Amino acid sequence: MPSLSELYQELILEHNRSPRNFREMPEADARAEGNNPLCGDQVRVFIRLNGETIEDVSFQGSGCAISRASASLMTGAVKGKTREQAAALFERFHGLVTGAVPATEAASLGKLAAFAGVAEFPIRVKCASLPWHTLRAALATEQS
Amino acid sequence: MTATAAPVINVERLRQDFPILGERVRGRPLVYLDNAATSQKPRAVIEAVSRFYAADNANVHRGVHTLSERATVAYEGVRERVARFLNAASPREIVFTRGTTEAINLVAHSWGASALRPRDEILVTAMEHHSNLVPWQLLAERAGAVVRAVPITDAGELDLDAFERLLTERTRLLAVTHLSNALGTVNPVRELVARAAARGVVTLIDGAQSVPHLAVDVRALGCDFFAFSGHKVYGPTGVGVLYGREALLERMPPWQGGGDMIETVTLEGSTYAPPPARFEAGTPMIAQVIGLGAALEYLEAVGRAATGAWEEELLARATEQVGALDGVRLIGTAREKSSVLSFVMDGVHPHDIGAVLDDEGVAVRAGHHCAQPVMRRFGVPATVRASFAFYNTHEEVTALVRGLRRVRTIFS
């Protein structure tokens with residue numbers, strides 16, 4: 001049986017308490033808003049780009065510990081990455097939280113590996129992936 | 001709690017009637033506090049549905065054969081039972097639907113088809129479930145009408161002065177919930193209906209939450225329409241009831257066409273059956289209707305006064321104990337409440353609370369409860385909702401409180 005402490009790992013609880021890059025970004029090149037109508041979670045992601053590179057990224061919004069910590073850790077993980085690298089990271093992160101990628105192979109995801117426990121709680125997959133979907137939407141608006 | 005003369009119920013014995021209450025969740029006994037979402041089913045209901053399929057199954061209103069006759073008698077018998085249960089004047093005032101949502105949509109389509117002119121007003125309240133709001137918004141769009149909402153106070157009560165102001169010569173319909181699913185507020189529906197009816201306004205009461213907990217007498221309430229769902233009152237999913245005053249139903253056009261709702265059909269046109277058949281196109285949810293009949297029979301046998309008194313005690317105890325916890329804010333503190341305790345905790349999202357409680361075997365709802373305007377009114381994205389039924393116990397309230405203390409430990 002999946003235990004609650006696998007879901008609420010210390011790193012997740014810590015980022016929920018003090019989320020990083022939790023701020024508006026008036027000078028953002030791109031932004032998007034993501035909603036989970038099922039639970040009312042809402043996140044806004046802001047990006048500043050330098051060519052293909054995500055130079056700065058931040059977020060605002062309200063949501064559960066999983067979605068908030070996911071947004072916080074996401075901003076740390078994609079800052080300085082190219083669009084392409086960020087998209088690839090989302091692929092692997094999504095695989096991890098949906099259980100498609102075994103937790104044993106999660107090490108390459110660095111801190112994001114803390115979300116491996118989400119795979120045992122299917123209804124929380126949306127919480128963990130909402131910030132990433134929103135990031136992708138923001139990148140898409142900038143491109144268009 | 002003041003002492004009441006209401007007969008007491010033997011909760012431990014009644015719990016034996018509900019097989020699911022013996023389940024374990026995550027290694028602990030199930031503590032089911034999500035009754036406002038759906039109630040659990042007594043064996044009497046499960047067996048009535050299963051017995052129908054095993055022994056009586058046939059379509060209704062069709063065959064001359066014995067089984068069809070039996071199914072029809074059982075189905076129509078439930079209509080009579082529901083009419084008595086609501087104190088309707090006649091079984092002809094009882095229409096079976098898929099649930100409260102469909103019942104309200106039926107009125108919005110059928111009554112709404114000819115009742116509204118542009119700029120007419122539909123009056124709802126700011127505490128409606130989406131099912132008693134969105135159908136009226138859709139109708140308003142079709143008819144060029146306007147939906148207005150009675151605001152709610154900080155305690156979660158209707159602002160009655162505003163109600164008076166909003167009831168105008170343009171108002172054609174008042175649609176109001178009897179018992180708020182998100183706040184637990186019991187609205188003074190009798191008074192609201194009386195004031196609306198005095199101005200010739202048609203009235204609809206959403207009774208999805210009230211029917212399981214409060215005795216309902218539609219004639220005493222004076223409403224034109226009353227809707228409720230089977231699954232919240234210990235019956236099966238997929239069945240609900242629309243009560244409509246006969247004179248009104250008779251004037252209303254069909255809303256869905258098909259078998260069972262016609263009188264004669266030619267290729268050129270058709271004439272329609274009188275109510276309630278006019279509103280029950282197609283093969284109905286026969287087994288579910290029979291299950292609903294068993295549920296109402298069960299509830300009446302247990303005794304409505306007794307279940308109501310026990311639920312009141314559970315809510316009072318939970319309100320006191322949960323309200324006393326550090327950092328808890330109760331959402332909905334109306335003077336008249338029933339069965340629902342909504343709250344938020346400082347710094348912890350309701351979903352996380354729900355997940356921790358689930359780990360303790362405690363099932364609650366965490367979310368916006370299909371009442372987003374209510375969440376907005378109180379400035380919260382969501383709440384945790386514990387909702388009680390007569391089979392809940394003091395020990396289960398204690399389990400809820402214990403779970404909330406653990407939430408504090410994890411998220412401090």
# chains A, B, ... in the order shown; residues from 1 in each chain; ligands from 1
$ residues_around --residues "Phe93 of chain A" --least-positions-apart "2" --cutoff "12 Å" --atoms "only C-alpha atoms" --output "NGL selection string"
:A and (70 or 73-74 or 77-78 or 86-91 or 95-103 or 105-116 or 118-119 or 125 or 128-133)
$ write_last_selection --atoms "C-alpha atoms" --output "mmCIF file, in the first residue's frame"
data_model
loop_
_atom_site.group_PDB
_atom_site.id
_atom_site.type_symbol
_atom_site.label_atom_id
_atom_site.label_comp_id
_atom_site.auth_asym_id
_atom_site.auth_seq_id
_atom_site.Cartn_x
_atom_site.Cartn_y
_atom_site.Cartn_z
ATOM 1 C CA SER A 70 5.841 20.963 -8.450
ATOM 2 C CA LEU A 73 10.781 22.722 -8.378
ATOM 3 C CA MET A 74 9.893 23.116 -12.056
ATOM 4 C CA ALA A 77 14.723 22.745 -13.101
ATOM 5 C CA VAL A 78 14.024 24.655 -16.327
ATOM 6 C CA ALA A 86 12.521 21.846 -20.983
ATOM 7 C CA ALA A 87 10.110 19.907 -23.200
ATOM 8 C CA ALA A 88 12.212 16.768 -22.862
ATOM 9 C CA LEU A 89 12.336 17.204 -19.085
ATOM 10 C CA PHE A 90 8.526 17.447 -18.977
ATOM 11 C CA GLU A 91 8.303 14.209 -20.971
ATOM 12 C CA GLY A 95 6.500 9.526 -17.292
ATOM 13 C CA LEU A 96 7.632 9.479 -13.671
ATOM 14 C CA VAL A 97 4.389 10.737 -12.119
ATOM 15 C CA THR A 98 2.197 8.533 -14.284
ATOM 16 C CA GLY A 99 4.288 5.471 -13.498
ATOM 17 C CA ALA A 100 5.391 4.972 -17.110
ATOM 18 C CA VAL A 101 9.000 5.548 -16.048
ATOM 19 C CA PRO A 102 10.050 3.368 -13.100
ATOM 20 C CA ALA A 103 11.065 5.300 -9.993
ATOM 21 C CA GLU A 105 15.275 5.471 -13.263
ATOM 22 C CA ALA A 106 14.240 8.767 -11.706
ATOM 23 C CA ALA A 107 17.702 9.710 -10.477
ATOM 24 C CA SER A 108 18.464 11.552 -13.711
ATOM 25 C CA LEU A 109 15.602 13.898 -12.914
ATOM 26 C CA GLY A 110 17.455 15.273 -9.910
ATOM 27 C CA LYS A 111 15.202 16.942 -7.351
ATOM 28 C CA LEU A 112 12.141 16.208 -9.511
ATOM 29 C CA ALA A 113 12.543 12.567 -8.487
ATOM 30 C CA ALA A 114 10.794 13.566 -5.246
ATOM 31 C CA PHE A 115 7.524 13.261 -7.182
ATOM 32 C CA ALA A 116 7.936 9.521 -7.819
ATOM 33 C CA VAL A 118 2.627 10.611 -7.093
ATOM 34 C CA ALA A 119 2.387 7.584 -9.393
ATOM 35 C CA VAL A 125 -1.069 13.334 -11.312
ATOM 36 C CA ALA A 128 1.872 17.561 -10.253
ATOM 37 C CA SER A 129 1.664 18.126 -13.996
ATOM 38 C CA LEU A 130 -0.506 21.290 -14.074
ATOM 39 C CA PRO A 131 2.486 23.699 -13.761
ATOM 40 C CA TRP A 132 4.304 21.853 -16.545
ATOM 41 C CA HIS A 133 1.310 21.955 -18.878
#
$ interface_residues --of "chain A" --to "chain B" --cutoff "10 Å" --atoms "only C-alpha atoms" --output "list in words"
Met1, Pro2, Ser3, Leu4, Ser5, Leu7, Tyr8, Glu10, Leu13, Glu14, Asn16, Arg17, Pro37, Leu38, Cys39, Gly40, Asp41, Gln42, Ser62, Gly63, Cys64, Ala65, Ile66, Arg68, Phe121, Arg124 and Cys127 of chain A
$ write_last_selection --atoms "N, CA and C atoms" --output "PDB file, in the first residue's frame"
ATOM      1  N   MET A   1       0.846  -1.195   0.000  1.00  0.00           N
ATOM      2  CA  MET A   1       0.000   0.000   0.000  1.00  0.00           C
ATOM      3  C   MET A   1       0.883   1.248   0.000  1.00  0.00           C
ATOM      4  N   PRO A   2       0.610   2.211  -0.902  1.00  0.00           N
ATOM      5  CA  PRO A   2       1.437   3.417  -0.944  1.00  0.00           C
ATOM      6  C   PRO A   2       1.284   4.205   0.355  1.00  0.00           C
ATOM      7  N   SER A   3       2.398   4.672   0.869  1.00  0.00           N
ATOM      8  CA  SER A   3       2.276   5.401   2.134  1.00  0.00           C
ATOM      9  C   SER A   3       2.286   6.898   1.856  1.00  0.00           C
ATOM     10  N   LEU A   4       1.670   7.604   2.774  1.00  0.00           N
ATOM     11  CA  LEU A   4       1.502   9.038   2.628  1.00  0.00           C
ATOM     12  C   LEU A   4       2.850   9.757   2.605  1.00  0.00           C
ATOM     13  N   SER A   5       3.838   9.191   3.322  1.00  0.00           N
ATOM     14  CA  SER A   5       5.136   9.882   3.377  1.00  0.00           C
ATOM     15  C   SER A   5       5.870   9.783   2.040  1.00  0.00           C
ATOM     16  N   LEU A   7       4.275  10.232  -0.770  1.00  0.00           N
ATOM     17  CA  LEU A   7       3.673  11.346  -1.516  1.00  0.00           C
ATOM     18  C   LEU A   7       4.230  12.676  -1.008  1.00  0.00           C
ATOM     19  N   TYR A   8       4.138  12.851   0.284  1.00  0.00           N
ATOM     20  CA  TYR A   8       4.567  14.126   0.873  1.00  0.00           C
ATOM     21  C   TYR A   8       6.008  14.023   1.372  1.00  0.00           C
ATOM     22  N   GLU A  10       9.814  15.139   2.198  1.00  0.00           N
ATOM     23  CA  GLU A  10      10.264  16.354   2.889  1.00  0.00           C
ATOM     24  C   GLU A  10      10.556  17.493   1.899  1.00  0.00           C
ATOM     25  N   LEU A  13       7.288  19.059   0.872  1.00  0.00           N
ATOM     26  CA  LEU A  13       6.725  19.861   1.965  1.00  0.00           C
ATOM     27  C   LEU A  13       7.482  21.179   2.120  1.00  0.00           C
ATOM     28  N   GLU A  14       8.792  21.083   1.948  1.00  0.00           N
ATOM     29  CA  GLU A  14       9.617  22.284   2.113  1.00  0.00           C
ATOM     30  C   GLU A  14       9.331  23.294   0.998  1.00  0.00           C
ATOM     31  N   ASN A  16       6.612  23.495  -0.649  1.00  0.00           N
ATOM     32  CA  ASN A  16       5.247  23.994  -0.445  1.00  0.00           C
ATOM     33  C   ASN A  16       5.261  25.141   0.563  1.00  0.00           C
ATOM     34  N   ARG A  17       6.061  24.963   1.622  1.00  0.00           N
ATOM     35  CA  ARG A  17       6.161  26.006   2.655  1.00  0.00           C
ATOM     36  C   ARG A  17       6.809  27.271   2.101  1.00  0.00           C
ATOM     37  N   PRO A  37     -10.189  22.415 -13.255  1.00  0.00           N
ATOM     38  CA  PRO A  37     -11.558  22.707 -12.831  1.00  0.00           C
ATOM     39  C   PRO A  37     -12.073  21.696 -11.802  1.00  0.00           C
ATOM     40  N   LEU A  38     -11.456  20.527 -11.782  1.00  0.00           N
ATOM     41  CA  LEU A  38     -11.878  19.489 -10.842  1.00  0.00           C
ATOM     42  C   LEU A  38     -11.678  19.950  -9.407  1.00  0.00           C
ATOM     43  N   CYS A  39     -10.560  20.623  -9.154  1.00  0.00           N
ATOM     44  CA  CYS A  39     -10.253  20.979  -7.772  1.00  0.00           C
ATOM     45  C   CYS A  39     -10.094  22.474  -7.564  1.00  0.00           C
ATOM     46  N   GLY A  40     -10.155  23.245  -8.655  1.00  0.00           N
ATOM     47  CA  GLY A  40     -10.027  24.694  -8.493  1.00  0.00           C
ATOM     48  C   GLY A  40      -8.594  25.167  -8.418  1.00  0.00           C
ATOM     49  N   ASP A  41      -7.624  24.259  -8.615  1.00  0.00           N
ATOM     50  CA  ASP A  41      -6.231  24.696  -8.623  1.00  0.00           C
ATOM     51  C   ASP A  41      -6.008  25.632  -9.791  1.00  0.00           C
ATOM     52  N   GLN A  42      -5.152  26.619  -9.549  1.00  0.00           N
ATOM     53  CA  GLN A  42      -4.952  27.640 -10.567  1.00  0.00           C
ATOM     54  C   GLN A  42      -3.501  28.088 -10.476  1.00  0.00           C
ATOM     55  N   SER A  62      -2.748  29.395  -6.730  1.00  0.00           N
ATOM     56  CA  SER A  62      -3.094  28.662  -5.516  1.00  0.00           C
ATOM     57  C   SER A  62      -3.356  27.213  -5.875  1.00  0.00           C
ATOM     58  N   GLY A  63      -2.921  26.350  -5.019  1.00  0.00           N
ATOM     59  CA  GLY A  63      -3.121  24.934  -5.283  1.00  0.00           C
ATOM     60  C   GLY A  63      -2.648  24.119  -4.099  1.00  0.00           C
ATOM     61  N   CYS A  64      -2.753  22.820  -4.231  1.00  0.00           N
ATOM     62  CA  CYS A  64      -2.357  21.936  -3.153  1.00  0.00           C
ATOM     63  C   CYS A  64      -0.834  21.872  -3.052  1.00  0.00           C
ATOM     64  N   ALA A  65      -0.342  21.199  -2.030  1.00  0.00           N
ATOM     65  CA  ALA A  65       1.106  21.105  -1.796  1.00  0.00           C
ATOM     66  C   ALA A  65       1.813  20.486  -2.995  1.00  0.00           C
ATOM     67  N   ILE A  66       1.179  19.500  -3.613  1.00  0.00           N
ATOM     68  CA  ILE A  66       1.816  18.822  -4.744  1.00  0.00           C
ATOM     69  C   ILE A  66       1.969  19.782  -5.925  1.00  0.00           C
ATOM     70  N   ARG A  68       1.898  23.084  -5.890  1.00  0.00           N
ATOM     71  CA  ARG A  68       2.745  24.233  -5.541  1.00  0.00           C
ATOM     72  C   ARG A  68       4.220  23.838  -5.532  1.00  0.00           C
ATOM     73  N   PHE A 121      -0.691   7.648  -6.478  1.00  0.00           N
ATOM     74  CA  PHE A 121      -1.910   8.400  -6.163  1.00  0.00           C
ATOM     75  C   PHE A 121      -2.429   9.028  -7.453  1.00  0.00           C
ATOM     76  N   ARG A 124      -3.660  12.542  -8.119  1.00  0.00           N
ATOM     77  CA  ARG A 124      -2.778  13.693  -7.898  1.00  0.00           C
ATOM     78  C   ARG A 124      -1.851  13.966  -9.086  1.00  0.00           C
ATOM     79  N   CYS A 127      -2.339  17.349 -10.398  1.00  0.00           N
ATOM     80  CA  CYS A 127      -1.779  18.393  -9.527  1.00  0.00           C
ATOM     81  C   CYS A 127      -0.307  18.595  -9.874  1.00  0.00           C
TER      82      CYS A 127
END
$ atom_distance --atom1 "atom CA of Phe59 of chain A" --atom2 "atom CA of Asn21 of chain A"
6.4 Å
$ closest_residue --among "B:Thr97, B:Ser68, B:Asn187, B:Asn392" --to "Thr307 of chain B" --atoms "only C-alpha atoms"
B:Asn392
$ atom_distance --atom1 "atom CA of Gln288 of chain B" --atom2 "atom CA of Ala247 of chain B"
27.5 Å
$ select_by_dssp --residues "chain A" --states "strand (DSSP E or B)" --output "PDB file with C-alpha atoms, in the first residue's frame"
ATOM      1  CA  PHE A  22       6.876  32.587  -6.493  1.00  0.00           C
ATOM      2  CA  ALA A  30       5.349  34.878 -22.251  1.00  0.00           C
ATOM      3  CA  ARG A  31       2.791  33.800 -19.698  1.00  0.00           C
ATOM      4  CA  ALA A  32      -0.043  31.326 -19.401  1.00  0.00           C
ATOM      5  CA  GLU A  33      -2.684  30.349 -16.911  1.00  0.00           C
ATOM      6  CA  GLY A  34      -3.552  26.775 -16.052  1.00  0.00           C
ATOM      7  CA  ASN A  35      -6.675  25.603 -14.254  1.00  0.00           C
ATOM      8  CA  ASN A  36      -7.762  22.312 -12.883  1.00  0.00           C
ATOM      9  CA  ASP A  41      -6.231  24.696  -8.623  1.00  0.00           C
ATOM     10  CA  GLN A  42      -4.952  27.640 -10.567  1.00  0.00           C
ATOM     11  CA  VAL A  43      -1.410  28.539 -11.623  1.00  0.00           C
ATOM     12  CA  ARG A  44       0.123  31.291 -13.727  1.00  0.00           C
ATOM     13  CA  VAL A  45       3.583  30.770 -15.233  1.00  0.00           C
ATOM     14  CA  PHE A  46       5.815  33.625 -16.448  1.00  0.00           C
ATOM     15  CA  ILE A  47       8.852  33.237 -18.710  1.00  0.00           C
ATOM     16  CA  ARG A  48      11.619  35.507 -19.905  1.00  0.00           C
ATOM     17  CA  LEU A  49      13.546  34.163 -22.876  1.00  0.00           C
ATOM     18  CA  ASN A  50      16.937  34.841 -24.362  1.00  0.00           C
ATOM     19  CA  THR A  53      16.961  29.749 -23.575  1.00  0.00           C
ATOM     20  CA  ILE A  54      14.609  30.207 -20.640  1.00  0.00           C
ATOM     21  CA  GLU A  55      16.453  32.932 -18.816  1.00  0.00           C
ATOM     22  CA  ASP A  56      13.935  33.389 -16.012  1.00  0.00           C
ATOM     23  CA  VAL A  57      10.757  31.666 -14.958  1.00  0.00           C
ATOM     24  CA  SER A  58       8.336  32.297 -12.101  1.00  0.00           C
ATOM     25  CA  PHE A  59       4.831  31.372 -10.998  1.00  0.00           C
ATOM     26  CA  GLN A  60       1.820  32.518  -8.996  1.00  0.00           C
ATOM     27  CA  GLY A  61      -1.445  30.912  -8.026  1.00  0.00           C
ATOM     28  CA  SER A  62      -3.094  28.662  -5.516  1.00  0.00           C
ATOM     29  CA  THR A  82      16.473  25.605 -23.818  1.00  0.00           C
TER      30      THR A  82
END
$ closest_residue --among "B:Val239, B:Leu183, B:His231, B:Arg405" --to "Leu330 of chain B" --atoms "only C-alpha atoms"
B:Leu183
